[in-house]
>>> print(open('protein-v3.txt').read())   # compact mmCIF, C-alpha atoms and all ligand atoms
# COMPACT_ATOMS: atom_id res chain seq x y z
CA MET J 936 -109.14 -155.03 -94.68
CA ALA J 937 -110.23 -151.98 -96.62
CA ARG J 938 -110.97 -152.30 -100.31
CA ILE J 939 -111.89 -150.18 -103.28
CA VAL J 940 -115.38 -151.07 -104.39
CA GLY J 941 -115.90 -148.60 -107.19
CA GLY J 942 -114.90 -145.51 -109.05
CA VAL J 943 -116.79 -142.49 -110.33
CA GLY J 944 -115.64 -140.04 -112.98
CA THR J 945 -117.70 -136.88 -113.10
CA SER J 946 -117.64 -133.26 -114.15
CA HIS J 947 -117.80 -130.74 -111.33
CA VAL J 948 -119.35 -127.71 -113.04
CA PRO J 949 -120.33 -125.08 -110.44
CA ALA J 950 -123.65 -124.38 -112.20
CA ILE J 951 -124.72 -127.99 -111.53
CA GLY J 952 -124.36 -127.31 -107.82
CA ALA J 953 -126.21 -124.02 -108.16
CA ALA J 954 -129.05 -125.73 -110.08
CA SER J 955 -129.44 -128.21 -107.23
CA ASP J 956 -129.15 -125.57 -104.50
CA ASN J 957 -131.72 -123.32 -106.18
CA ASP J 958 -134.31 -126.02 -107.01
CA LYS J 959 -133.80 -125.78 -110.76
CA THR J 960 -133.16 -129.43 -111.50
CA GLY J 961 -136.63 -129.80 -113.02
CA ASP J 962 -136.19 -126.90 -115.46
CA ASP J 963 -136.08 -127.73 -119.17
CA TYR J 964 -132.42 -126.77 -119.24
CA TRP J 965 -131.33 -128.99 -116.34
CA ALA J 966 -133.81 -131.87 -116.33
CA PRO J 967 -132.03 -134.04 -118.96
CA LEU J 968 -128.72 -133.74 -117.12
CA PHE J 969 -130.14 -134.57 -113.70
CA ALA J 970 -132.29 -137.39 -115.06
CA GLY J 971 -129.04 -139.02 -116.13
CA TYR J 972 -127.72 -138.89 -112.57
CA GLY J 973 -130.45 -141.20 -111.25
CA PRO J 974 -128.78 -144.56 -111.99
CA ALA J 975 -125.46 -143.35 -110.56
CA ARG J 976 -127.18 -142.26 -107.35
CA GLU J 977 -128.85 -145.65 -107.12
CA TRP J 978 -125.50 -147.33 -107.62
CA ILE J 979 -123.78 -145.44 -104.82
CA ARG J 980 -126.69 -146.09 -102.44
CA ARG J 981 -126.35 -149.78 -103.18
CA VAL J 982 -122.55 -149.81 -102.85
CA ASP J 983 -122.89 -147.78 -99.63
CA PRO J 984 -119.24 -146.77 -99.19
CA ASP J 985 -117.73 -145.77 -95.86
CA VAL J 986 -115.26 -143.38 -97.42
CA ALA J 987 -114.84 -141.58 -100.74
CA ILE J 988 -111.44 -140.38 -101.83
CA ILE J 989 -112.33 -137.42 -104.04
CA VAL J 990 -109.69 -136.38 -106.54
CA TYR J 991 -110.45 -132.79 -107.49
CA ASN J 992 -108.80 -129.49 -108.09
CA ASP J 993 -109.00 -126.33 -106.09
CA HIS J 994 -109.98 -123.30 -108.20
CA ALA J 995 -108.00 -120.54 -106.50
CA THR J 996 -109.98 -121.07 -103.33
CA ALA J 997 -107.82 -122.76 -100.69
CA PHE J 998 -104.68 -122.41 -102.78
CA SER J 999 -103.53 -119.54 -104.94
CA LEU J 1000 -100.50 -118.84 -107.11
CA GLN J 1001 -98.69 -118.37 -103.81
CA LEU J 1002 -98.70 -122.10 -103.03
CA ILE J 1003 -99.46 -124.82 -105.57
CA PRO J 1004 -99.28 -128.39 -104.30
CA THR J 1005 -99.02 -130.87 -107.15
CA PHE J 1006 -100.86 -133.43 -105.02
CA GLY J 1007 -102.41 -132.18 -101.76
CA LEU J 1008 -103.94 -134.83 -99.51
CA GLY J 1009 -106.56 -133.78 -96.98
CA MET J 1010 -105.60 -134.81 -93.44
CA GLY J 1011 -108.43 -133.12 -91.55
CA SER J 1012 -111.52 -134.24 -89.69
CA GLU J 1013 -113.70 -131.59 -91.36
CA TYR J 1014 -113.61 -129.70 -94.64
CA PRO J 1015 -116.02 -126.75 -94.70
CA PRO J 1016 -117.59 -125.75 -98.04
CA ALA J 1017 -115.78 -122.65 -99.29
CA ASP J 1018 -116.96 -119.15 -100.13
CA GLU J 1019 -116.40 -118.75 -103.87
CA GLY J 1020 -117.80 -115.27 -104.12
CA TYR J 1021 -121.47 -115.87 -103.37
CA GLY J 1022 -120.99 -117.16 -99.82
CA PRO J 1023 -120.47 -120.89 -99.09
CA ARG J 1024 -122.84 -123.38 -100.71
CA ARG J 1025 -125.51 -124.44 -98.25
CA VAL J 1026 -124.50 -128.09 -98.30
CA PRO J 1027 -123.50 -130.27 -95.34
CA MET J 1028 -120.09 -130.17 -93.73
CA VAL J 1029 -117.70 -132.63 -95.36
CA HIS J 1030 -116.35 -135.01 -92.73
CA GLY J 1031 -112.93 -136.58 -93.15
CA ASP J 1032 -111.25 -139.74 -91.95
CA GLU J 1033 -108.01 -138.67 -90.32
CA LYS J 1034 -106.79 -142.17 -89.58
CA LEU J 1035 -107.16 -143.32 -93.17
CA SER J 1036 -105.60 -140.07 -94.40
CA TRP J 1037 -102.48 -140.68 -92.35
CA HIS J 1038 -102.33 -144.26 -93.50
CA LEU J 1039 -102.58 -143.13 -97.13
CA ALA J 1040 -99.87 -140.54 -96.57
CA GLU J 1041 -97.52 -143.06 -95.04
CA SER J 1042 -98.14 -145.67 -97.70
CA LEU J 1043 -97.80 -143.21 -100.59
CA VAL J 1044 -94.63 -141.55 -99.34
CA VAL J 1045 -92.82 -144.46 -97.70
CA ASN J 1046 -93.85 -147.40 -99.86
CA ASP J 1047 -94.43 -145.77 -103.21
CA GLU J 1048 -92.18 -142.72 -102.87
CA ILE J 1049 -94.92 -140.38 -104.08
CA ASP J 1050 -94.20 -137.21 -102.15
CA ILE J 1051 -97.58 -135.63 -101.59
CA THR J 1052 -98.34 -132.47 -99.65
CA PHE J 1053 -100.32 -132.73 -96.40
CA VAL J 1054 -103.23 -130.30 -96.09
CA ASN J 1055 -105.10 -129.92 -92.83
CA ASP J 1056 -107.05 -126.67 -93.01
CA LEU J 1057 -108.92 -127.04 -96.29
CA HIS J 1058 -112.07 -125.27 -97.41
CA VAL J 1059 -113.42 -127.31 -100.31
CA ASP J 1060 -114.83 -125.58 -103.37
CA HIS J 1061 -117.22 -126.72 -106.11
CA GLY J 1062 -114.58 -129.11 -107.42
CA LEU J 1063 -115.32 -131.37 -104.46
CA THR J 1064 -118.85 -130.46 -103.36
CA VAL J 1065 -120.53 -130.61 -106.79
CA PRO J 1066 -119.57 -134.28 -107.32
CA LEU J 1067 -121.11 -135.01 -103.90
CA THR J 1068 -124.30 -133.32 -105.05
CA ILE J 1069 -124.25 -135.21 -108.32
CA MET J 1070 -123.92 -138.57 -106.57
CA CYS J 1071 -125.90 -137.94 -103.36
CA ASP J 1072 -128.46 -135.23 -104.21
CA ARG J 1073 -129.38 -133.12 -101.16
CA PRO J 1074 -129.06 -135.18 -97.98
CA GLU J 1075 -129.03 -133.77 -94.43
CA GLU J 1076 -125.54 -135.20 -94.04
CA TRP J 1077 -123.23 -136.66 -96.69
CA PRO J 1078 -123.62 -140.45 -96.42
CA PHE J 1079 -119.89 -141.21 -96.25
CA ARG J 1080 -116.64 -139.71 -95.05
CA VAL J 1081 -114.47 -137.93 -97.60
CA ILE J 1082 -110.74 -137.62 -98.14
CA PRO J 1083 -109.95 -134.81 -100.57
CA LEU J 1084 -107.00 -135.18 -102.90
CA ALA J 1085 -106.31 -131.89 -104.63
CA VAL J 1086 -104.37 -132.02 -107.89
CA ASN J 1087 -102.74 -129.07 -109.60
CA VAL J 1088 -104.37 -128.99 -113.02
CA ILE J 1089 -104.30 -125.20 -113.44
CA GLN J 1090 -100.64 -124.20 -113.42
CA TYR J 1091 -98.24 -125.65 -115.98
CA PRO J 1092 -96.43 -127.97 -115.46
CA GLN J 1093 -99.24 -130.18 -114.21
CA PRO J 1094 -98.46 -133.80 -113.27
CA THR J 1095 -98.36 -136.13 -116.25
CA GLY J 1096 -101.18 -138.51 -117.05
CA HIS J 1097 -98.84 -141.36 -116.29
CA ARG J 1098 -98.11 -139.93 -112.83
CA CYS J 1099 -101.83 -139.57 -112.15
CA LEU J 1100 -102.48 -143.18 -113.11
CA GLU J 1101 -99.56 -144.39 -110.97
CA LEU J 1102 -100.80 -142.33 -108.04
CA GLY J 1103 -104.13 -144.11 -108.36
CA ARG J 1104 -102.41 -147.49 -108.35
CA ALA J 1105 -100.50 -146.47 -105.23
CA ILE J 1106 -103.77 -145.41 -103.59
CA ARG J 1107 -105.13 -148.89 -104.30
CA ARG J 1108 -102.14 -150.49 -102.58
CA ALA J 1109 -102.53 -148.10 -99.66
CA VAL J 1110 -106.23 -148.83 -99.20
CA GLU J 1111 -105.69 -152.58 -99.43
CA SER J 1112 -103.08 -152.44 -96.70
CA TYR J 1113 -105.42 -150.67 -94.26
CA PRO J 1114 -106.48 -153.07 -91.50
CA GLU J 1115 -109.98 -151.71 -90.92
CA ASP J 1116 -112.88 -153.17 -92.91
CA LEU J 1117 -113.81 -150.19 -95.06
CA ARG J 1118 -115.56 -149.86 -98.37
CA VAL J 1119 -113.87 -147.12 -100.36
CA VAL J 1120 -114.89 -145.44 -103.60
CA VAL J 1121 -112.65 -143.09 -105.56
CA PHE J 1122 -113.95 -140.09 -107.49
CA GLY J 1123 -112.05 -138.53 -110.38
CA THR J 1124 -113.60 -135.16 -111.16
CA GLY J 1125 -113.48 -132.24 -113.60
CA GLY J 1126 -113.84 -131.88 -117.35
CA MET J 1127 -115.00 -132.95 -119.75
CA SER J 1128 -114.19 -130.72 -122.74
CA HIS J 1129 -114.56 -127.03 -121.94
CA GLN J 1130 -112.75 -123.77 -122.34
CA LEU J 1131 -113.75 -120.72 -120.34
CA GLN J 1132 -111.20 -118.27 -121.70
CA GLY J 1133 -109.85 -116.57 -124.79
CA GLU J 1134 -111.28 -116.13 -128.25
CA ARG J 1135 -111.88 -119.88 -128.45
CA ALA J 1136 -114.02 -119.97 -125.28
CA GLY J 1137 -116.91 -122.41 -125.49
CA LEU J 1138 -115.07 -125.24 -127.23
CA ILE J 1139 -116.79 -128.61 -126.85
CA ASN J 1140 -115.39 -131.80 -128.34
CA ARG J 1141 -117.82 -134.70 -128.09
CA GLU J 1142 -115.64 -137.01 -130.15
CA PHE J 1143 -112.65 -136.48 -127.86
CA ASP J 1144 -114.76 -136.92 -124.72
CA LEU J 1145 -116.36 -140.19 -125.80
CA ALA J 1146 -113.01 -141.58 -126.93
CA PHE J 1147 -111.58 -140.58 -123.55
CA LEU J 1148 -114.30 -142.54 -121.75
CA ASP J 1149 -113.71 -145.61 -123.91
CA ARG J 1150 -109.99 -145.52 -123.35
CA LEU J 1151 -110.28 -144.79 -119.65
CA VAL J 1152 -112.10 -148.10 -119.35
CA ALA J 1153 -110.15 -150.27 -121.76
CA ASP J 1154 -106.70 -148.75 -122.17
CA PRO J 1155 -105.78 -146.50 -119.23
CA ASP J 1156 -102.05 -146.74 -119.93
CA GLY J 1157 -102.66 -145.58 -123.48
CA GLN J 1158 -104.75 -142.66 -122.27
CA ALA J 1159 -102.16 -141.82 -119.62
CA ALA J 1160 -99.55 -141.41 -122.37
CA VAL J 1161 -101.56 -138.64 -124.06
CA PRO J 1162 -99.58 -135.41 -123.65
CA HIS J 1163 -101.15 -132.36 -122.03
CA VAL J 1164 -101.01 -130.35 -125.22
CA ASP J 1165 -103.49 -132.78 -126.78
CA TYR J 1166 -105.98 -132.09 -123.99
CA LEU J 1167 -105.44 -128.34 -124.28
CA ARG J 1168 -105.96 -128.46 -128.01
CA GLN J 1169 -108.74 -131.04 -128.26
CA ALA J 1170 -110.64 -130.70 -124.97
CA GLY J 1171 -110.03 -127.00 -124.32
CA SER J 1172 -107.79 -125.30 -121.81
CA GLU J 1173 -109.97 -126.37 -118.88
CA GLY J 1174 -110.49 -129.87 -120.30
CA LEU J 1175 -107.09 -130.82 -118.92
CA GLU J 1176 -108.91 -131.51 -115.66
CA LEU J 1177 -109.64 -134.93 -117.14
CA ILE J 1178 -106.22 -136.17 -116.01
CA MET J 1179 -107.75 -136.45 -112.54
CA TRP J 1180 -109.98 -139.27 -113.81
CA LEU J 1181 -106.80 -141.26 -114.40
CA VAL J 1182 -106.10 -141.27 -110.66
CA MET J 1183 -109.50 -142.85 -110.11
CA ARG J 1184 -108.89 -145.35 -112.87
CA GLY J 1185 -105.52 -146.37 -111.44
CA ALA J 1186 -107.14 -147.00 -108.06
CA LEU J 1187 -109.46 -149.61 -109.61
CA GLY J 1188 -106.63 -151.89 -110.68
CA GLY J 1189 -106.48 -153.87 -113.92
CA ASP J 1190 -109.81 -154.66 -115.52
CA VAL J 1191 -112.96 -152.77 -114.74
CA ARG J 1192 -116.62 -153.17 -115.48
CA GLU J 1193 -118.41 -150.12 -116.82
CA VAL J 1194 -121.58 -149.88 -114.77
CA TYR J 1195 -122.99 -146.67 -116.16
CA ARG J 1196 -122.24 -143.72 -118.41
CA HIS J 1197 -123.93 -140.38 -118.99
CA TYR J 1198 -122.91 -137.55 -121.31
CA HIS J 1199 -124.72 -134.28 -121.80
CA VAL J 1200 -123.95 -130.94 -123.48
CA PRO J 1201 -124.08 -128.35 -122.10
CA ALA J 1202 -123.92 -127.92 -118.37
CA SER J 1203 -123.36 -124.19 -118.41
CA ASN J 1204 -120.24 -124.05 -120.65
CA THR J 1205 -119.04 -127.59 -120.22
CA ALA J 1206 -119.60 -131.07 -121.59
CA ALA J 1207 -120.84 -132.94 -118.53
CA GLY J 1208 -119.70 -136.55 -118.33
CA LEU J 1209 -120.25 -139.25 -115.74
CA ILE J 1210 -118.93 -142.78 -115.60
CA VAL J 1211 -119.30 -145.44 -112.91
CA LEU J 1212 -116.79 -148.27 -112.80
CA GLU J 1213 -116.29 -151.34 -110.65
CA PRO J 1214 -113.11 -153.36 -110.29
CA VAL J 1215 -113.33 -156.93 -111.56
CA GLY J 1216 -111.39 -159.98 -110.58
CA ASP J 1217 -109.05 -160.09 -107.61
CA LYS J 1218 -110.99 -158.50 -104.76
CA GLY J 1219 -114.44 -158.25 -106.38
CA MET K 1109 -88.34 -103.94 -113.88
CA SER K 1110 -89.12 -104.98 -117.45
CA PRO K 1111 -92.23 -107.02 -118.03
CA PRO K 1112 -91.51 -110.72 -118.43
CA THR K 1113 -91.45 -111.85 -122.01
CA ASP K 1114 -92.06 -115.29 -123.38
CA THR K 1115 -88.79 -117.07 -123.72
CA THR K 1116 -89.39 -120.08 -125.92
CA THR K 1117 -91.69 -121.50 -128.49
CA LYS K 1118 -94.20 -123.83 -126.89
CA PRO K 1119 -96.11 -126.86 -128.09
CA TRP K 1120 -99.42 -124.98 -127.58
CA ASP K 1121 -98.43 -121.89 -129.57
CA ASP K 1122 -100.54 -123.08 -132.50
CA ILE K 1123 -103.74 -123.55 -130.48
CA PRO K 1124 -105.95 -120.62 -131.47
CA GLY K 1125 -107.47 -118.21 -128.95
CA THR K 1126 -106.10 -120.00 -125.89
CA TYR K 1127 -103.92 -118.59 -123.11
CA VAL K 1128 -102.01 -121.26 -121.26
CA GLN K 1129 -101.18 -120.74 -117.59
CA ASP K 1130 -97.46 -121.42 -117.93
CA GLY K 1131 -94.50 -119.87 -116.18
CA ASP K 1132 -94.55 -116.75 -118.36
CA HIS K 1133 -98.24 -116.23 -117.73
CA TYR K 1134 -97.67 -116.86 -114.04
CA ARG K 1135 -94.97 -114.20 -113.75
CA ARG K 1136 -96.85 -111.69 -115.89
CA GLY K 1137 -100.06 -112.02 -113.89
CA TYR K 1138 -98.90 -112.81 -110.39
CA ARG K 1139 -99.75 -109.50 -108.71
CA LEU K 1140 -103.01 -109.08 -110.58
CA ASN K 1141 -104.15 -112.61 -109.75
CA MET K 1142 -103.18 -112.24 -106.11
CA LEU K 1143 -105.26 -109.06 -105.96
CA LEU K 1144 -108.23 -110.90 -107.49
CA MET K 1145 -107.69 -113.62 -104.89
CA THR K 1146 -108.66 -111.12 -102.17
CA LEU K 1147 -112.21 -111.22 -103.60
CA ASN K 1148 -112.62 -114.61 -101.94
CA THR K 1149 -113.65 -112.97 -98.69
CA GLU K 1150 -116.45 -110.55 -97.89
CA GLU K 1151 -113.90 -108.22 -96.35
CA GLY K 1152 -111.76 -108.27 -99.51
CA ARG K 1153 -114.78 -107.69 -101.73
CA ARG K 1154 -115.79 -104.67 -99.67
CA ALA K 1155 -112.28 -103.22 -99.73
CA PHE K 1156 -112.03 -103.63 -103.50
CA ALA K 1157 -115.48 -102.16 -104.13
CA ALA K 1158 -114.70 -99.15 -101.96
CA ASP K 1159 -111.58 -98.20 -103.92
CA GLU K 1160 -110.77 -100.20 -107.03
CA ALA K 1161 -108.04 -97.93 -108.35
CA GLY K 1162 -106.35 -97.71 -104.95
CA SER K 1163 -106.53 -101.49 -104.50
CA LEU K 1164 -104.89 -101.98 -107.89
CA ASP K 1165 -102.16 -99.47 -107.08
CA ARG K 1166 -101.44 -101.05 -103.73
CA ALA K 1167 -101.26 -104.47 -105.38
CA GLY K 1168 -98.53 -103.16 -107.68
CA VAL K 1169 -100.09 -104.15 -110.99
CA THR K 1170 -98.92 -102.54 -114.23
CA PRO K 1171 -100.74 -99.49 -115.64
CA GLU K 1172 -102.06 -101.67 -118.50
CA GLN K 1173 -103.43 -104.20 -116.05
CA LYS K 1174 -105.01 -101.47 -113.97
CA ARG K 1175 -106.70 -99.98 -117.03
CA ALA K 1176 -107.95 -103.38 -118.16
CA VAL K 1177 -109.49 -104.09 -114.76
CA LEU K 1178 -111.12 -100.68 -114.44
CA ASP K 1179 -112.51 -101.05 -117.99
CA ARG K 1180 -113.54 -104.66 -117.33
CA ASP K 1181 -111.75 -105.56 -120.54
CA TRP K 1182 -111.78 -109.31 -119.95
CA LEU K 1183 -109.66 -110.29 -122.93
CA ALA K 1184 -107.05 -107.65 -122.10
CA MET K 1185 -106.87 -108.87 -118.50
CA LEU K 1186 -106.36 -112.40 -119.76
CA ARG K 1187 -103.65 -111.36 -122.19
CA LEU K 1188 -101.92 -109.39 -119.44
CA GLY K 1189 -101.57 -112.44 -117.23
CA ALA K 1190 -104.89 -112.89 -115.44
CA ASN K 1191 -105.96 -116.48 -115.00
CA VAL K 1192 -109.52 -117.46 -115.79
CA TYR K 1193 -110.27 -118.79 -112.30
CA TYR K 1194 -109.16 -115.50 -110.79
CA LEU K 1195 -111.17 -113.55 -113.36
CA LEU K 1196 -114.23 -115.54 -112.34
CA LYS K 1197 -113.90 -114.00 -108.88
CA LEU K 1198 -114.17 -110.57 -110.47
CA ALA K 1199 -117.15 -111.73 -112.52
CA ALA K 1200 -118.81 -113.01 -109.34
CA HIS K 1201 -118.00 -109.74 -107.61
CA ASP K 1202 -119.61 -107.80 -110.48
CA ARG K 1203 -122.53 -110.27 -110.52
CA VAL K 1204 -121.99 -110.94 -114.21
CA SER K 1205 -122.15 -114.43 -115.64
CA VAL K 1206 -119.41 -116.67 -116.92
CA GLN K 1207 -121.14 -116.43 -120.29
CA HIS K 1208 -120.86 -112.65 -120.19
CA MET K 1209 -117.13 -112.92 -119.52
CA ALA K 1210 -116.46 -115.69 -122.02
CA GLY K 1211 -118.62 -114.00 -124.65
CA SER K 1212 -116.73 -110.77 -124.15
CA MET K 1213 -113.42 -112.58 -124.66
CA SER K 1214 -114.64 -114.26 -127.81
CA GLY K 1215 -116.36 -111.21 -129.26
CA ILE K 1216 -120.01 -112.20 -128.90
CA SER K 1217 -122.80 -111.23 -126.55
CA GLU K 1218 -123.79 -113.13 -123.44
CA GLN K 1219 -126.95 -114.39 -125.15
CA GLU K 1220 -125.05 -115.46 -128.26
CA PHE K 1221 -122.62 -117.36 -126.06
CA ILE K 1222 -125.45 -119.10 -124.21
CA ASP K 1223 -127.10 -120.01 -127.52
CA MET K 1224 -123.83 -121.37 -128.88
CA MET K 1225 -123.45 -123.62 -125.84
CA VAL K 1226 -127.03 -124.86 -126.01
CA SER K 1227 -126.51 -125.80 -129.62
CA GLY K 1228 -123.50 -127.94 -128.73
CA GLY K 1229 -120.71 -125.47 -128.08
CA ARG K 1230 -117.95 -124.14 -130.29
CA SER K 1231 -117.07 -126.81 -132.80
CA PRO K 1232 -113.55 -128.26 -132.90
CA GLU K 1233 -113.70 -127.99 -136.66
CA GLY K 1234 -111.27 -125.29 -137.75
CA ASN K 1235 -110.55 -124.41 -134.11
CA LEU K 1236 -107.76 -126.81 -133.19
CA TYR K 1237 -104.86 -125.22 -135.05
CA THR K 1238 -104.09 -121.59 -135.83
CA ASP K 1239 -103.44 -122.76 -139.36
CA ALA K 1240 -106.89 -124.19 -139.96
CA THR K 1241 -105.75 -126.13 -143.03
CA GLU K 1242 -103.44 -128.16 -140.79
CA GLY K 1243 -105.97 -129.61 -138.42
CA GLY K 1244 -109.66 -129.72 -137.73
CA SER K 1245 -111.54 -132.82 -136.79
FE FE N 1301 -112.74 -127.53 -112.30
>>> encode(input="protein-v3.txt", output="structure tokens", more="lines below")
Ligand SMILES: [Fe+2]
Amino acid sequence: MARIVGGVGTSHVPAIGAASDNDKTGDDYWAPLFAGYGPAREWIRRVDPDVAIIVYNDHATAFSLQLIPTFGLGMGSEYPPADEGYGPRRVPMVHGDEKLSWHLAESLVVNDEIDITFVNDLHVDHGLTVPLTIMCDRPEEWPFRVIPLAVNVIQYPQPTGHRCLELGRAIRRAVESYPEDLRVVVFGTGGMSHQLQGERAGLINREFDLAFLDRLVADPDGQAAVPHVDYLRQAGSEGLELIMWLVMRGALGGDVREVYRHYHVPASNTAAGLIVLEPVGDKG
Amino acid sequence: MSPPTDTTTKPWDDIPGTYVQDGDHYRRGYRLNMLLMTLNTEEGRRAFAADEAGSLDRAGVTPEQKRAVLDRDWLAMLRLGANVYYLLKLAAHDRVSVQHMAGSMSGISEQEFIDMMVSGGRSPEGNLYTDATEGGS
């Protein structure tokens, strides 16, 4: 039987990917951020997952205003890194797990009545590839298969925090009903506080971010009840991405153990956060 | 066709200097954003570079939007319905930084924006409510 062995919440700032791709991780600017990734990379090597379900958002790359899936589940065998204006990142092909994707789809839609969108042809942008870099550095091949789950966090109305948390819980049920013996981790990505637009561009809110991390661990239902306007106001217009971490949290079940946390300002224009969680109790 | 106008008061109206991608913004900026979307491919980037004004005309954007793009007036583009992720494609096309764009929107230079971020970013204090006496941290 498959089981969820851990969760990762992490920012997915494009400049972090660029720093890695261009050998800048030792620079004064980047070294403190990347130094903080070490323990998380050790953790994922030790956990050695077969599959990562990566909850991320597409930034007008595969989807545009023409088509906006609220929840788009990757169904493919391969997800090529996308061209975001500078040519595709030179990182390995992202390999999927079609069988598990279809199982997730069936379980989510039929058992939990969460009507996701199926996406086959999906070029993945920095939202998905930067978290892989953060957790895996620069391998020849990514060390696990990946199922992308794209969430609309850009166009109002975005799914509620509560819906994101419930989706995570449904993902847990889906994984646990999969007959194959797989070790699955779930990534929630994006955030933390940042705003890239308007006269208020550059907003960073450390207090909000650290409270979010605390509550994500200890009181996910409470955090899921926080309305979007609070994120927009407190964490900046782009800080709303944090709702995707709630999907990850839901997938871990009831109580979790906080394995590791890292917080650094700035990564480019963003507060970079990272948290590693493990489920406790039932399935260990 | 009259330009779409905002129809209701919204819970985020009192967040200063922030343009929320809601239905009004969507309708106002649809054509402009879909034009910027063409910059995702090398072919689209070449076509735009070869004839910016013609590309904007063919996309059916408003005269104000066309002017804002040609002037690279980032704040005006935003106000006229552009979304930040689509504007970033234009910034990438121009080979200017996010900090250049965000600094331009907030009335400071690229270097000042970078320095602000390095020193911890724009503080929430006084920046959470348009009426600064009401909020703050
Ligand atoms: Fe993002």
>>> atom_distance(input="protein-v3.txt", atom1="CA of Ala1170 in chain J", atom2="CA of Gly1123 in chain J")
16.6 Å
>>> interface_residues(input="protein-v3.txt", of="chain K", to="chain J", cutoff="7 Å", atoms="only C-alpha atoms", output="count of residues only")
30
>>> residues_near_ligand(input="protein-v3.txt", ligand="ligand FE 1301 (chain N)", cutoff="8 Å", atoms="only C-alpha atoms and all ligand atoms", output="PyMOL selection string")
chain J and resi 946-948+991-994+1061-1062+1124-1126+1173+1176
>>> write_last_selection(input="protein-v3.txt", atoms="C-alpha atoms", output="short mmCIF file (atom, residue, chain, number, x, y, z; two decimals), in the frame of the given file")
data_model
loop_
_atom_site.label_atom_id
_atom_site.label_comp_id
_atom_site.auth_asym_id
_atom_site.auth_seq_id
_atom_site.Cartn_x
_atom_site.Cartn_y
_atom_site.Cartn_z
CA SER J 946 -117.64 -133.26 -114.15
CA HIS J 947 -117.80 -130.74 -111.33
CA VAL J 948 -119.35 -127.71 -113.04
CA TYR J 991 -110.45 -132.79 -107.49
CA ASN J 992 -108.80 -129.49 -108.09
CA ASP J 993 -109.00 -126.33 -106.09
CA HIS J 994 -109.98 -123.30 -108.20
CA HIS J 1061 -117.22 -126.72 -106.11
CA GLY J 1062 -114.58 -129.11 -107.42
CA THR J 1124 -113.60 -135.16 -111.16
CA GLY J 1125 -113.48 -132.24 -113.60
CA GLY J 1126 -113.84 -131.88 -117.35
CA GLU J 1173 -109.97 -126.37 -118.88
CA GLU J 1176 -108.91 -131.51 -115.66
#
>>> residues_near_point(input="protein-v3.txt", point="(-121.8, -143.9, -111.1)", cutoff="8 Å", atoms="all atoms listed in the file", output="PyMOL selection string")
chain J and resi 942-944+972+974-976+978-979+1070+1194-1196+1209-1212
>>> write_last_selection(input="protein-v3.txt", atoms="C-alpha atoms", output="PDB file, in the coordinates of the input")
ATOM      1  CA  GLY J 942    -114.900-145.510-109.050  1.00  0.00           C
ATOM      2  CA  VAL J 943    -116.790-142.490-110.330  1.00  0.00           C
ATOM      3  CA  GLY J 944    -115.640-140.040-112.980  1.00  0.00           C
ATOM      4  CA  TYR J 972    -127.720-138.890-112.570  1.00  0.00           C
ATOM      5  CA  PRO J 974    -128.780-144.560-111.990  1.00  0.00           C
ATOM      6  CA  ALA J 975    -125.460-143.350-110.560  1.00  0.00           C
ATOM      7  CA  ARG J 976    -127.180-142.260-107.350  1.00  0.00           C
ATOM      8  CA  TRP J 978    -125.500-147.330-107.620  1.00  0.00           C
ATOM      9  CA  ILE J 979    -123.780-145.440-104.820  1.00  0.00           C
ATOM     10  CA  MET J1070    -123.920-138.570-106.570  1.00  0.00           C
ATOM     11  CA  VAL J1194    -121.580-149.880-114.770  1.00  0.00           C
ATOM     12  CA  TYR J1195    -122.990-146.670-116.160  1.00  0.00           C
ATOM     13  CA  ARG J1196    -122.240-143.720-118.410  1.00  0.00           C
ATOM     14  CA  LEU J1209    -120.250-139.250-115.740  1.00  0.00           C
ATOM     15  CA  ILE J1210    -118.930-142.780-115.600  1.00  0.00           C
ATOM     16  CA  VAL J1211    -119.300-145.440-112.910  1.00  0.00           C
ATOM     17  CA  LEU J1212    -116.790-148.270-112.800  1.00  0.00           C
TER      18      LEU J1212
END
>>> atom_distance(input="protein-v3.txt", atom1="CA of Asp1165 in chain K", atom2="CA of Glu1150 in chain K")
20.3 Å
>>> atom_distance(input="protein-v3.txt", atom1="CA of Leu1186 in chain K", atom2="CA of Asp1239 in chain K")
22.4 Å
>>> residues_around(input="protein-v3.txt", residues="Gly1168 in chain K", least_positions_apart="3", cutoff="12 Å", atoms="all atoms listed in the file", output="PyMOL selection string")
chain K and resi 1109+1136-1143+1161-1165+1171-1174
>>> residues_around(input="protein-v3.txt", residues="Gly1211 in chain K", least_positions_apart="6", cutoff="6 Å", atoms="only C-alpha atoms", output="list in words")
Ser1217, Glu1218 and Phe1221 of chain K
>>> residues_around(input="protein-v3.txt", residues="Pro1015 in chain J", least_positions_apart="2", cutoff="10 Å", atoms="all atoms listed in the file", output="PyMOL selection string")
chain J and resi 1013+1017-1018+1023-1024+1026-1030+1056-1060+1064
>>> closest_residue(input="protein-v3.txt", among="J:Ile1106, J:Ala954, J:Leu1084, J:Cys1099", to="Leu1043 in chain J", atoms="all atoms listed in the file")
J:Ile1106
>>> residues_around(input="protein-v3.txt", residues="Gly1157 in chain J", least_positions_apart="3", cutoff="12 Å", atoms="all atoms listed in the file", output="list in words")
Gly1096, His1097, Leu1100, Ala1146, Phe1147, Asp1149, Arg1150, Leu1151, Val1152, Ala1153, Asp1154, Ala1160, Val1161, Pro1162 and Leu1181 of chain J
